[in-house]
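Each remark here refers to the structure printed beneath this line.
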Amino acid sequence: MGLTLTDATAEDASAIAEIRSRAADELTKEFGQGHWSAPATEKGVLFSMRYARVLLAKHDGRIVGTLRLANKKPWAIDPEYFTAVKRAIYLTDMAVDPMVQRKGVGRALIDLALVVARDWPANSIRLDAYDAPAGAGAFYANCCFREVGRIVYRKTPLIYYEKLIDR
């Protein structure tokens with residue numbers, strides 16, 4: 001699949017919210033209602049873009065995947081589980097259009113995130129995934145992220161993953 005990988009702009013916010021919402025709808029159809037079911041909004045995407053770098057995968061000019069990188073720790077992340085590093089960044093809000101899942105879009109975004117992390121500069125990428133059938137833990141493990149812990153945050157079971165950045 002021919003992809004263009006790029007940074008998002010404010011003009012992309014509506015399409016990003018649409019991709020994230022479609023992915024959430026698909027997870028809800030397959031696994032039932034859960035924390036993954038919340039739809040995204042353009043306003044929420046724009047707000048998050050103020051404090052993070054949002055990456056996109058496009059196919060034929062259409063956004064088919066996205067993720068967000070930030071140096072601010074998300075609430076559900078407990079740093080005690082992770083390797084002590086000088087600078088960590090956090091991956092959140094990853095979504096791939098259900099019509100193109102399992103075609104390399106997510107992997108391409110992760111590969112771009114690793115390049116961005118090296119240039120940031122960061123020493124690791126950290127994230128959490130739902131510890132449930134709707135979670136993406138197997139995907140992150142296949143992308144060479146290492147499981148570093150399991151917790152329950154606000155009644156939601158999560159798995160922590162990290163990828164140390166080669167220097």
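Order determines the names: the first chain of the structure tokens is A, the second B, and so forth; residues in each chain are numbered 1 upward, and ligands are numbered 1 upward as they are shown.
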
Report task. For Asp128 of chain A, work out the shell of residues within 8 Å, counting only C-alpha atoms and skipping chain neighbours fewer than 6 positions away, then give it as a PyMOL selection string. Result -> chain A and resi 76-77+92+158-161

Store the residues picked out above, limited to C-alpha atoms, as an mmCIF file, in the first residue's frame.
data_model
loop_
_atom_site.group_PDB
_atom_site.id
_atom_site.type_symbol
_atom_site.label_atom_id
_atom_site.label_comp_id
_atom_site.auth_asym_id
_atom_site.auth_seq_id
_atom_site.Cartn_x
_atom_site.Cartn_y
_atom_site.Cartn_z
ATOM 1 C CA ALA A 76 -2.771 6.509 33.298
ATOM 2 C CA ILE A 77 1.003 6.110 32.947
ATOM 3 C CA THR A 92 -1.430 7.968 22.410
ATOM 4 C CA LEU A 158 -3.932 -1.700 31.045
ATOM 5 C CA ILE A 159 -0.622 -3.044 29.803
ATOM 6 C CA TYR A 160 2.374 -0.720 29.716
ATOM 7 C CA TYR A 161 4.807 -0.956 26.789
#

Query raised in the report: If we count only C-alpha atoms, what is near Pro157 of chain A at a cut-off of 12 Å, once residues fewer than 3 positions away on the same chain are taken out, given as a list in words?
Result: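 Non-adjacent residues within range: Gly34, His35, Ala76, Asp128, Ala129, Tyr130, Asp131, Ala132, Pro133, Ala134, Gly135, Gly137, Gly149, Arg150, Ile151, Val152, Tyr153, Arg154 and Tyr160 of chain A.
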
Requested in this report: Just the residues within 12 Å of segment 16-21 of chain A, please, counting only C-alpha atoms, with nothing from its chain fewer than 3 positions along; format it as a ChimeraX atom specification.
Outcome: /A:7-13,24-28,36-49,54-58,62-68,92-101

Query raised in the report: DSSP on the backbone: what in segment 24-106 of chain A comes out helix (DSSP H, G or I), as JSON, numbers by chain?
Result: {"A": [24, 25, 26, 27, 28, 29, 30, 31, 35, 36, 37, 42, 43, 44, 45, 46, 47, 48, 49, 79, 80, 81, 98, 99, 100, 105, 106]}

Report summary line: Restricting to only C-alpha atoms, whichever of A:Ile89, A:Ala15, A:Cys144, A:Leu3 is closest to Val116 of chain A is A:Ile89

Query raised in the report: Could you name the residues that touch Tyr51 of chain A at 9 Å or less, counting only C-alpha atoms, but leaving out those on the same chain fewer than 6 positions away, as a ChimeraX atom specification?
Result: /A:70-72

Report task. In Å, rounded to a single decimal, give me how far atom CA of Asp119 of chain A is from atom CA of Phe139 of chain A. Result -> 23.8 Å
